[in-house]
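Asker: File name input-v5.txt; file contents compact mmCIF, C-alpha atoms; full text below.
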```
# COMPACT_ATOMS: atom_id res chain seq x y z
CA MET A 8 -49.69 29.30 -20.47
CA GLU A 9 -51.21 29.02 -17.01
CA THR A 10 -49.61 28.69 -13.60
CA THR A 11 -50.76 26.94 -10.44
CA THR A 12 -49.75 27.41 -6.84
CA ARG A 13 -50.41 23.98 -5.32
CA GLU A 14 -47.57 21.84 -4.03
CA ILE A 15 -46.40 19.13 -6.42
CA LYS A 16 -46.06 15.74 -4.74
CA ARG A 17 -46.77 13.20 -7.44
CA ILE A 18 -46.73 13.20 -11.26
CA GLY A 19 -47.39 10.76 -14.08
CA VAL A 20 -45.54 10.24 -17.36
CA LEU A 21 -46.86 8.60 -20.53
CA THR A 22 -45.94 8.06 -24.17
CA SER A 23 -48.59 8.32 -26.85
CA GLY A 24 -48.91 8.15 -30.62
CA GLY A 25 -46.25 6.59 -32.82
CA ASP A 26 -43.13 5.46 -31.01
CA ALA A 27 -39.89 7.35 -31.61
CA PRO A 28 -36.28 6.59 -30.65
CA GLY A 29 -35.46 8.69 -27.59
CA MET A 30 -38.81 8.33 -25.86
CA ASN A 31 -37.19 6.11 -23.25
CA ALA A 32 -34.50 8.70 -22.65
CA ALA A 33 -37.23 11.28 -22.02
CA VAL A 34 -39.06 8.95 -19.62
CA ARG A 35 -35.79 8.32 -17.79
CA ALA A 36 -35.12 12.04 -17.46
CA VAL A 37 -38.62 12.73 -16.13
CA VAL A 38 -38.35 9.96 -13.54
CA ARG A 39 -34.85 10.83 -12.36
CA THR A 40 -35.47 14.58 -12.24
CA ALA A 41 -38.70 14.14 -10.31
CA ILE A 42 -37.12 11.82 -7.76
CA TYR A 43 -34.17 14.20 -7.42
CA LYS A 44 -36.69 16.92 -6.57
CA GLY A 45 -38.54 14.74 -4.06
CA ILE A 46 -41.54 13.95 -6.28
CA GLU A 47 -43.11 10.51 -6.74
CA VAL A 48 -43.48 9.32 -10.32
CA TYR A 49 -45.99 6.93 -11.87
CA GLY A 50 -45.53 5.49 -15.33
CA ILE A 51 -48.81 5.37 -17.26
CA ARG A 52 -48.65 2.47 -19.68
CA ARG A 53 -50.27 2.46 -23.12
CA GLY A 54 -50.84 6.20 -23.27
CA TRP A 55 -54.21 7.78 -22.52
CA HIS A 56 -55.81 4.33 -22.60
CA GLY A 57 -53.71 3.36 -19.59
CA LEU A 58 -54.87 6.43 -17.70
CA ILE A 59 -58.48 5.35 -18.27
CA THR A 60 -57.87 1.74 -17.21
CA ASN A 61 -55.48 2.57 -14.36
CA ASP A 62 -52.64 0.70 -16.09
CA VAL A 63 -50.08 2.48 -13.93
CA ILE A 64 -46.82 1.54 -12.19
CA ARG A 65 -44.77 3.34 -9.56
CA MET A 66 -41.33 4.13 -10.98
CA ASN A 67 -37.95 4.60 -9.32
CA ASN A 68 -34.40 5.08 -10.54
CA ASP A 69 -33.82 1.37 -11.04
CA ASP A 70 -36.84 1.15 -13.34
CA VAL A 71 -35.22 3.51 -15.80
CA SER A 72 -31.68 2.18 -15.61
CA HIS A 73 -30.22 1.08 -18.96
CA ILE A 74 -33.16 2.34 -21.04
CA ILE A 75 -31.51 5.49 -22.44
CA ASN A 76 -30.06 3.40 -25.28
CA ARG A 77 -33.26 1.49 -26.08
CA GLY A 78 -35.57 2.33 -28.96
CA GLY A 79 -39.35 2.21 -28.70
CA THR A 80 -40.99 2.94 -25.36
CA VAL A 81 -40.94 0.87 -22.18
CA LEU A 82 -44.30 2.39 -21.26
CA PHE A 83 -45.85 1.16 -24.53
CA THR A 84 -48.16 3.26 -26.65
CA ALA A 85 -51.71 2.76 -27.90
CA ARG A 86 -54.59 4.66 -29.45
CA SER A 87 -57.61 5.45 -27.29
CA ASP A 88 -60.95 6.22 -28.88
CA ASP A 89 -62.46 6.33 -25.39
CA PHE A 90 -60.25 9.25 -24.41
CA ARG A 91 -61.79 11.29 -27.22
CA THR A 92 -65.07 11.23 -25.29
CA LYS A 93 -65.97 13.18 -22.16
CA GLU A 94 -66.83 9.90 -20.43
CA GLY A 95 -63.37 8.55 -21.21
CA ARG A 96 -61.65 11.66 -19.94
CA LYS A 97 -63.73 11.50 -16.76
CA LYS A 98 -62.42 7.99 -16.14
CA ALA A 99 -58.88 9.22 -16.84
CA TYR A 100 -59.23 12.01 -14.31
CA ASP A 101 -60.69 9.59 -11.77
CA THR A 102 -57.42 7.67 -12.07
CA CYS A 103 -55.50 10.91 -11.52
CA LYS A 104 -57.51 11.58 -8.36
CA PHE A 105 -57.12 8.01 -7.12
CA LEU A 106 -53.35 8.21 -7.51
CA GLY A 107 -53.13 11.80 -6.32
CA LEU A 108 -51.41 13.01 -9.47
CA ASP A 109 -50.67 16.73 -9.57
CA GLY A 110 -49.41 16.74 -13.14
CA ILE A 111 -48.79 14.67 -16.26
CA VAL A 112 -45.87 14.74 -18.68
CA ALA A 113 -47.07 13.46 -22.05
CA ILE A 114 -44.49 12.49 -24.68
CA GLY A 115 -45.73 12.39 -28.28
CA GLY A 116 -47.02 14.53 -31.13
CA ASP A 117 -49.85 16.94 -31.88
CA GLY A 118 -52.49 14.32 -31.08
CA THR A 119 -50.91 13.75 -27.68
CA PHE A 120 -50.92 17.48 -26.97
CA ALA A 121 -54.57 17.77 -28.05
CA GLY A 122 -55.34 15.09 -25.45
CA CYS A 123 -53.49 17.13 -22.84
CA MET A 124 -55.53 20.21 -23.65
CA ALA A 125 -58.82 18.33 -23.56
CA LEU A 126 -58.09 16.85 -20.13
CA SER A 127 -56.75 20.05 -18.55
CA SER A 128 -59.62 22.16 -19.90
CA GLU A 129 -62.13 19.96 -18.07
CA TYR A 130 -60.22 19.09 -14.89
CA PRO A 131 -57.64 20.72 -12.58
CA ILE A 132 -54.55 18.81 -13.69
CA SER A 133 -51.23 20.28 -14.86
CA VAL A 134 -50.08 19.00 -18.25
CA VAL A 135 -46.77 19.38 -20.06
CA GLY A 136 -46.02 17.99 -23.53
CA ILE A 137 -42.69 16.78 -24.93
CA PRO A 138 -42.49 16.56 -28.76
CA ALA A 139 -41.49 13.13 -30.04
CA THR A 140 -42.09 12.12 -33.65
CA ILE A 141 -39.73 10.87 -36.34
CA ASP A 142 -41.44 13.10 -38.93
CA ASN A 143 -40.30 16.28 -37.10
CA ASP A 144 -43.65 17.75 -38.13
CA ILE A 145 -44.63 19.64 -34.97
CA GLY A 146 -44.80 23.28 -36.00
CA CYS A 147 -43.92 24.81 -32.63
CA THR A 148 -40.49 23.18 -32.29
CA HIS A 149 -37.46 23.10 -34.56
CA TYR A 150 -36.68 19.56 -33.47
CA SER A 151 -38.62 16.60 -32.12
CA ILE A 152 -37.26 13.49 -30.43
CA GLY A 153 -36.59 10.61 -32.82
CA TYR A 154 -35.97 12.59 -35.99
CA ASP A 155 -32.20 12.27 -36.04
CA THR A 156 -32.23 8.52 -35.40
CA ALA A 157 -34.89 7.89 -38.04
CA ALA A 158 -32.96 9.94 -40.58
CA ASN A 159 -29.72 8.06 -39.87
CA THR A 160 -31.54 4.72 -40.12
CA ALA A 161 -32.93 5.68 -43.51
CA ILE A 162 -29.58 7.03 -44.70
CA ASP A 163 -27.77 3.84 -43.72
CA ALA A 164 -30.33 1.69 -45.57
CA ILE A 165 -30.25 3.92 -48.66
CA ASP A 166 -26.44 3.87 -48.80
CA LYS A 167 -26.55 0.09 -48.85
CA LEU A 168 -29.27 0.03 -51.52
CA ARG A 169 -27.30 2.45 -53.67
CA ASP A 170 -24.28 0.13 -53.75
CA THR A 171 -26.20 -2.70 -55.35
CA MET A 172 -28.42 -0.51 -57.55
CA ALA A 173 -25.40 1.36 -58.90
CA SER A 174 -23.73 -1.96 -59.68
CA HIS A 175 -26.71 -2.96 -61.83
CA GLU A 176 -27.17 0.57 -63.24
CA ARG A 177 -30.77 0.72 -62.11
CA CYS A 178 -33.15 3.40 -60.96
CA SER A 179 -34.17 3.02 -57.32
CA VAL A 180 -37.26 4.48 -55.67
CA ILE A 181 -37.10 4.61 -51.88
CA GLU A 182 -40.23 5.41 -49.90
CA VAL A 183 -39.67 6.92 -46.46
CA MET A 184 -42.16 7.86 -43.76
CA GLY A 185 -44.00 11.17 -43.90
CA HIS A 186 -47.73 10.94 -44.53
CA ARG A 187 -48.40 14.67 -44.12
CA ALA A 188 -44.89 16.12 -43.86
CA GLY A 189 -41.81 15.85 -46.06
CA ASN A 190 -39.19 16.94 -43.53
CA LEU A 191 -37.68 13.47 -43.24
CA ALA A 192 -37.69 12.81 -46.99
CA MET A 193 -36.03 16.13 -47.79
CA TYR A 194 -33.40 15.79 -45.07
CA VAL A 195 -32.56 12.23 -46.14
CA GLY A 196 -32.57 13.26 -49.79
CA ILE A 197 -29.94 15.94 -49.16
CA ALA A 198 -27.81 13.56 -47.08
CA THR A 199 -27.83 10.78 -49.68
CA GLY A 200 -27.44 12.86 -52.85
CA ALA A 201 -30.82 11.87 -54.25
CA THR A 202 -31.67 12.59 -57.87
CA ALA A 203 -35.13 13.83 -56.84
CA VAL A 204 -37.20 14.15 -53.67
CA LEU A 205 -41.01 14.16 -53.54
CA VAL A 206 -42.91 15.48 -50.51
CA PRO A 207 -46.59 15.79 -49.47
CA GLU A 208 -46.51 19.59 -49.16
CA GLU A 209 -46.74 20.01 -52.93
CA ASP A 210 -48.28 17.65 -55.48
CA TYR A 211 -45.46 16.82 -57.88
CA ASP A 212 -45.34 17.26 -61.61
CA PHE A 213 -43.71 14.09 -62.93
CA GLU A 214 -41.97 15.76 -65.88
CA LYS A 215 -40.64 18.69 -63.83
CA HIS A 216 -39.79 17.02 -60.53
CA VAL A 217 -38.67 13.56 -61.69
CA ALA A 218 -38.15 13.02 -65.43
CA SER A 219 -36.19 16.21 -66.13
CA LYS A 220 -33.90 15.60 -63.16
CA ILE A 221 -33.14 12.07 -64.33
CA ARG A 222 -32.30 13.38 -67.81
CA GLN A 223 -29.99 16.00 -66.29
CA ALA A 224 -28.31 13.34 -64.17
CA LYS A 225 -27.76 11.16 -67.24
CA LEU A 226 -26.15 14.10 -69.04
CA GLY A 227 -23.86 14.45 -66.04
CA GLY A 228 -22.69 10.86 -66.47
CA ARG A 229 -24.82 9.03 -63.96
CA THR A 230 -25.99 5.52 -64.66
CA HIS A 231 -28.05 5.10 -61.49
CA TYR A 232 -30.88 7.36 -60.35
CA MET A 233 -32.31 7.53 -56.86
CA ILE A 234 -35.74 8.98 -56.09
CA ILE A 235 -36.73 9.60 -52.44
CA VAL A 236 -40.50 9.63 -51.94
CA ALA A 237 -42.39 10.55 -48.77
CA GLU A 238 -45.30 8.15 -48.23
CA GLY A 239 -47.80 11.01 -48.56
CA ALA A 240 -46.48 12.41 -51.86
CA LYS A 241 -49.07 12.69 -54.64
CA ARG A 242 -48.87 13.36 -58.34
CA ASN A 243 -50.50 16.49 -59.74
CA THR A 244 -52.63 15.25 -62.61
CA ASP A 245 -54.92 18.28 -63.16
CA GLY A 246 -57.54 15.70 -64.06
CA SER A 247 -55.64 14.88 -67.26
CA LEU A 248 -54.46 11.42 -66.23
CA ASP A 249 -56.50 8.36 -65.38
CA ASN A 250 -55.76 5.97 -62.51
CA GLU A 251 -53.96 3.55 -64.81
CA THR A 252 -51.52 6.26 -65.88
CA VAL A 253 -50.99 7.55 -62.35
CA GLY A 254 -50.44 4.05 -61.01
CA ASN A 255 -51.67 2.09 -58.06
CA GLY A 256 -50.21 1.13 -54.73
CA SER A 257 -48.01 3.18 -52.44
CA ALA A 258 -46.52 6.56 -53.31
CA GLY A 259 -43.24 4.88 -54.22
CA GLU A 260 -44.95 2.30 -56.42
CA GLN A 261 -46.85 5.05 -58.26
CA VAL A 262 -43.59 6.81 -59.07
CA ALA A 263 -42.11 3.53 -60.27
CA ASP A 264 -45.12 2.90 -62.53
CA ALA A 265 -44.64 6.33 -64.10
CA LEU A 266 -40.92 5.69 -64.62
CA ARG A 267 -41.74 2.47 -66.48
CA LYS A 268 -44.54 3.87 -68.63
CA GLU A 269 -43.18 7.34 -69.38
CA MET A 270 -39.40 6.85 -69.37
CA GLY A 271 -38.93 3.17 -70.16
CA LEU A 272 -36.87 2.57 -67.02
CA ASP A 273 -36.88 -0.55 -64.88
CA PRO A 274 -36.96 0.84 -61.32
CA ARG A 275 -36.84 -1.09 -58.05
CA VAL A 276 -39.00 0.10 -55.15
CA THR A 277 -37.96 -0.17 -51.52
CA VAL A 278 -40.39 0.86 -48.78
CA LEU A 279 -38.38 1.39 -45.61
CA GLY A 280 -41.51 1.46 -43.45
CA HIS A 281 -41.39 0.97 -39.71
CA ILE A 282 -37.69 0.13 -39.64
CA GLN A 283 -37.30 3.92 -39.39
CA ARG A 284 -39.05 3.96 -36.00
CA GLY A 285 -36.78 1.46 -34.31
CA GLY A 286 -33.20 1.24 -33.22
CA SER A 287 -31.00 2.67 -30.52
CA PRO A 288 -31.39 6.48 -30.42
CA SER A 289 -28.57 8.68 -31.61
CA ALA A 290 -26.56 10.88 -29.28
CA ARG A 291 -28.56 13.90 -30.40
CA ASP A 292 -31.87 12.23 -29.59
CA ARG A 293 -30.63 10.96 -26.22
CA VAL A 294 -29.35 14.36 -25.13
CA THR A 295 -32.33 16.32 -26.49
CA ALA A 296 -34.78 13.92 -24.84
CA THR A 297 -32.94 14.14 -21.54
CA ARG A 298 -32.91 17.93 -21.61
CA MET A 299 -36.61 18.07 -22.49
CA GLY A 300 -37.54 15.59 -19.76
CA TYR A 301 -35.66 17.63 -17.19
CA PHE A 302 -37.29 20.90 -18.28
CA ALA A 303 -40.74 19.29 -18.25
CA VAL A 304 -40.46 18.40 -14.56
CA MET A 305 -39.02 21.80 -13.71
CA ALA A 306 -41.92 23.48 -15.50
CA ILE A 307 -44.44 21.58 -13.39
CA LEU A 308 -42.53 22.50 -10.25
CA GLU A 309 -42.69 26.14 -11.32
CA GLY A 310 -46.47 25.85 -11.44
CA LYS A 311 -46.77 25.90 -15.23
CA THR A 312 -49.43 23.98 -17.13
CA ASN A 313 -50.72 23.68 -20.68
CA ILE A 314 -47.25 24.07 -22.18
CA VAL A 315 -45.04 22.25 -24.65
CA ILE A 316 -41.29 21.88 -24.18
CA ILE A 317 -39.75 23.06 -27.45
CA HIS A 318 -36.37 23.18 -29.18
CA ASP A 319 -35.74 26.75 -30.31
CA HIS A 320 -32.46 27.14 -32.23
CA GLY A 321 -30.61 24.87 -29.82
CA GLN A 322 -32.27 26.18 -26.67
CA ILE A 323 -34.86 24.24 -24.68
CA THR A 324 -37.76 26.48 -23.67
CA THR A 325 -41.56 26.41 -23.36
CA MET A 326 -44.56 27.50 -25.40
CA ASP A 327 -48.24 27.80 -24.59
CA MET A 328 -49.94 24.60 -25.75
CA THR A 329 -52.86 26.37 -27.44
CA GLU A 330 -50.42 28.50 -29.43
CA ALA A 331 -48.30 25.46 -30.19
CA LEU A 332 -51.22 23.45 -31.57
CA ALA A 333 -52.24 26.36 -33.80
CA MET A 334 -48.85 26.43 -35.54
CA LYS A 335 -48.51 24.61 -38.86
CA ASN A 336 -45.52 22.58 -39.86
CA GLU A 337 -43.49 24.06 -42.71
CA LEU A 338 -40.53 22.70 -44.60
CA ASN A 339 -37.20 24.30 -43.74
CA ALA A 340 -36.77 27.02 -46.38
CA ASP A 341 -32.97 26.75 -46.35
CA GLU A 342 -33.12 23.00 -46.89
CA VAL A 343 -35.61 23.44 -49.75
CA GLU A 344 -33.21 25.83 -51.48
CA VAL A 345 -30.22 23.59 -50.89
CA LEU A 346 -32.07 20.55 -52.23
CA GLU A 347 -33.08 22.41 -55.38
CA ALA A 348 -29.48 23.42 -56.01
CA MET A 349 -28.22 19.88 -55.42
CA THR A 350 -30.74 18.24 -57.76
CA ALA A 351 -30.68 20.88 -60.51
CA SER A 352 -27.11 20.50 -61.76
CA PRO A 353 -26.26 17.77 -64.32
CA LEU A 354 -22.75 17.72 -62.86
CA ASP A 355 -23.87 16.74 -59.36
CA HIS A 356 -22.38 13.30 -58.67
CA PHE A 357 -22.66 11.17 -55.53
```
Now, as a test, write the supplied structure out as structure tokens.
Answerer:
Amino acid sequence: METTTREIKRIGVLTSGGDAPGMNAAVRAVVRTAIYKGIEVYGIRRGWHGLITNDVIRMNNDDVSHIINRGGTVLFTARSDDFRTKEGRKKAYDTCKFLGLDGIVAIGGDGTFAGCMALSSEYPISVVGIPATIDNDIGCTHYSIGYDTAANTAIDAIDKLRDTMASHERCSVIEVMGHRAGNLAMYVGIATGATAVLVPEEDYDFEKHVASKIRQAKLGGRTHYMIIVAEGAKRNTDGSLDNETVGNGSAGEQVADALRKEMGLDPRVTVLGHIQRGGSPSARDRVTATRMGYFAVMAILEGKTNIVIIHDHGQITTMDMTEALAMKNELNADEVEVLEAMTASPLDHF
């Protein structure tokens, strides 16, 4: 973490990467805190791409009124291949100089923070990152904005699906987001009483992680089985199975194919998809985003740069961005143990 001594007069705020409920609450907090401290704020639209193209608007308190309850991001978000190049970052910094920006608050995930580091390593601009991703897969923080809302959205949908699937005594396979991380799938699986949960962190053995759990559930009197699958989950074949046996399509569809071929079941697959990204943020996401936005502005005022605002066991604090990016996401060990206990017993009913 570095510190600067120059006076802070003007900052920018942007959202980058996948949208997450609570991003607007964070933007609101940045704007209102900055204005409260006598700092001008510019909203950079469409992420790093907007910084390159000077897609920027001056923001005041009225601009962020009534957005704390809105999902998505009022500043929009977009990918920027140009920003990955030195030429693109030069254009971005030219915009910073033109506007007189002393710092940037960037709201997003690891990719957003990597962009911060690249820009600040080449030019004298203070950068602070706020973690926002529904996957909750940023290793440096225990919680990222959007996770709670996404989990509740998935839980609500799964509860509704279970009603009709249980009525027809069917097996349901629900695919949730999580290409590289299974935090969301595991959390949702615990909350909904899933029969089995499959995550990207470990290639699953179909017999051990799915079939045996369904048999145990049947012995316990269940007539409906629910499998939660993260979109990045993969079957461990050890080279012994061909593509036809493994199945084609999404992770959820592959599990369903195996259930048909190897257990004679007639499963229904539901891919929740981007519905998990939308919706009004929960109270937890609104409050966490507001706290993080406030601390981000205060950090810039204190002369800090190259830091990430993190959630550490309920406390909002900071971490060096280089250290933060080096940390790997890991599944919560306590939740892993709880999930195993909940899915191992044939007497576990939901």
Asker: In terms of the shortest atom-to-atom distance over all atoms listed in the file, which of A:Gly57, A:Gly78, A:Pro207, A:Gly228 is closest to Arg242 of chain A?
Answerer: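 For Arg242 of chain A, the nearest of the candidates is A:Pro207.
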Asker: Return as JSON the centre and edge lengths, in Å with one decimal, of the box along x, y and z that encloses every atom of segment 309-326 of chain A in the file, padded by 8 Å per side.
Answerer:
```
{"center_x": -40.7, "center_y": 24.7, "center_z": -21.8, "size_x": 36.1, "size_y": 21.6, "size_z": 36.9}
```
Asker: What is the atom CA of Arg275 of chain A to atom CA of Ser179 of chain A distance in Å?
Answerer: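 Between atom CA of Arg275 of chain A and atom CA of Ser179 of chain A the gap is 5.0 Å.
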Asker: Anything within 9 Å of (-48.7, 1.9, -15.3): list those residues as a list of chain:residue names, counting all atoms listed in the file and sticking to the file's coordinates.
Answerer: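 Output: A:Leu21, A:Tyr49, A:Gly50, A:Ile51, A:Arg52, A:Arg53, A:Gly57, A:Leu58, A:Asn61, A:Asp62, A:Val63, A:Ile64, A:Arg65, A:Met66, A:Leu82.
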Asker: Could you turn the residues from that selection into a file that holds C-alpha atoms, as a PDB file, in the coordinates of the input?
Answerer:
```pdb
ATOM      1  CA  LEU A  21     -46.860   8.600 -20.530  1.00  0.00           C
ATOM      2  CA  TYR A  49     -45.990   6.930 -11.870  1.00  0.00           C
ATOM      3  CA  GLY A  50     -45.530   5.490 -15.330  1.00  0.00           C
ATOM      4  CA  ILE A  51     -48.810   5.370 -17.260  1.00  0.00           C
ATOM      5  CA  ARG A  52     -48.650   2.470 -19.680  1.00  0.00           C
ATOM      6  CA  ARG A  53     -50.270   2.460 -23.120  1.00  0.00           C
ATOM      7  CA  GLY A  57     -53.710   3.360 -19.590  1.00  0.00           C
ATOM      8  CA  LEU A  58     -54.870   6.430 -17.700  1.00  0.00           C
ATOM      9  CA  ASN A  61     -55.480   2.570 -14.360  1.00  0.00           C
ATOM     10  CA  ASP A  62     -52.640   0.700 -16.090  1.00  0.00           C
ATOM     11  CA  VAL A  63     -50.080   2.480 -13.930  1.00  0.00           C
ATOM     12  CA  ILE A  64     -46.820   1.540 -12.190  1.00  0.00           C
ATOM     13  CA  ARG A  65     -44.770   3.340  -9.560  1.00  0.00           C
ATOM     14  CA  MET A  66     -41.330   4.130 -10.980  1.00  0.00           C
ATOM     15  CA  LEU A  82     -44.300   2.390 -21.260  1.00  0.00           C
TER      16      LEU A  82
END
```
Asker: Can you tell me how far atom CA of Ser133 of chain A sits from atom CA of Thr119 of chain A, in Å to one decimal?
Answerer: 14.4 Å
Asker: Separation of atom CA of Ile235 of chain A and atom CA of Asp264 of chain A, in Å?
Answerer: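 Computing it gives 14.7 Å between the two atoms.
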Asker: Env of Gly286 of chain A: 8 Å cut, atoms = only C-alpha atoms, seq-sep filter 6 positions within chain, self excluded. Answer as a PyMOL selection string.
Answerer: chain A and resi 28+77-79+156+160
Asker: In the coordinates of the file, take the point (-50.7, 4.2, -27.4) and a cut-off of 6 Å; then, counting all atoms listed in the file, name each qualifying protein, DNA or RNA residue as a list in words.
Answerer: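 With a cut-off of 6 Å, the residues come to Ser23, Gly24, Arg53, Gly54, Thr84, Ala85 and Arg86 of chain A.
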Asker: Which residues come within 10 Å of segment 122-126 of chain A, counting all atoms listed in the file, excluding same-chain residues fewer than 5 positions away, as a list in words?
Answerer: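 After dropping sequence-adjacent residues, the list is Ser23, Trp55, Phe90, Arg91, Thr92, Lys93, Gly95, Arg96, Lys97, Ala99, Tyr100, Ile111, Val112, Ala113, Asp117, Pro131, Ile132, Ser133, Val134, Val135, Gly136, Thr312, Asn313, Ile314, Met328, Thr329 and Leu332 of chain A.
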Asker: Pick out the closest residue to Arg187 of chain A from this set: A:His56, A:Lys335, A:His281, A:Lys16. Count only C-alpha atoms.
Answerer: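 Among the listed residues, A:Lys335 lies closest to Arg187 of chain A.
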Asker: Which residues come within 8 Å of Val34 of chain A, counting only C-alpha atoms, excluding same-chain residues fewer than 5 positions away, as a ChimeraX atom specification?
Answerer: /A:20-21,71,300
Asker: Which of these, A:Ala258, A:Ile316, A:Ala265, A:Ala192, has the shortest distance to Tyr301 of chain A once you count only C-alpha atoms?
Answerer: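 Using only C-alpha atoms, Tyr301 of chain A sits closest to A:Ile316.
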Asker: Give the answer as one residue: which of A:Asp341, A:Met233, A:Thr244, A:Gly116 has the shortest atom-to-atom distance to Ala263 of chain A, using only C-alpha atoms?
Answerer: A:Met233
Asker: With distances taken over all atoms listed in the file, which residue among A:Lys311, A:His318, A:Lys225, A:His175 lies nearest Val294 of chain A?
Answerer: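 Checking each of A:Lys311, A:His318, A:Lys225, A:His175 against Val294 of chain A, counting all atoms listed in the file, the winner is A:His318.
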Asker: Of the residues A:Gly45, A:Gly153, A:Gly189, A:Gly110, which is the one nearest to Glu209 of chain A, using only C-alpha atoms?
Answerer: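 Once distances to Glu209 of chain A are computed over only C-alpha atoms, the minimum belongs to A:Gly189.
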Asker: Near Asp70 of chain A, counting all atoms listed in the file, which residues have an atom at most 10 Å away, once you skip same-chain residues fewer than 2 positions from it, shown as a ChimeraX atom specification?
Answerer: /A:35,38-39,50,65-68,72-74,81
Asker: Counting all atoms listed in the file, give me one row per residue of segment 222-335 of chain A with an atom at most 10 Å from an atom of segment 40-44 of chain A, showing the shortest contact pair and its distance in Å to one decimal, sorted by chain then residue number, as a Markdown table.
Answerer:
```
| residue | atom | partner | partner_atom | distance |
| --- | --- | --- | --- | --- |
| A:Thr297 | CA | A:Thr40 | CA | 9.6 |
| A:Gly300 | CA | A:Thr40 | CA | 7.9 |
| A:Tyr301 | CA | A:Thr40 | CA | 5.8 |
| A:Phe302 | CA | A:Thr40 | CA | 8.9 |
| A:Ala303 | CA | A:Thr40 | CA | 9.3 |
| A:Val304 | CA | A:Ala41 | CA | 6.3 |
| A:Met305 | CA | A:Thr40 | CA | 8.2 |
| A:Ile307 | CA | A:Ala41 | CA | 9.9 |
| A:Leu308 | CA | A:Lys44 | CA | 8.9 |
```
Asker: Name all residues at most 10 Å from Glu337 of chain A (count all atoms listed in the file; drop same-chain ones fewer than 3 positions away) and give them as a VMD selection string.
Answerer: chain A and resid 144 to 146 188 to 190 208 334 340
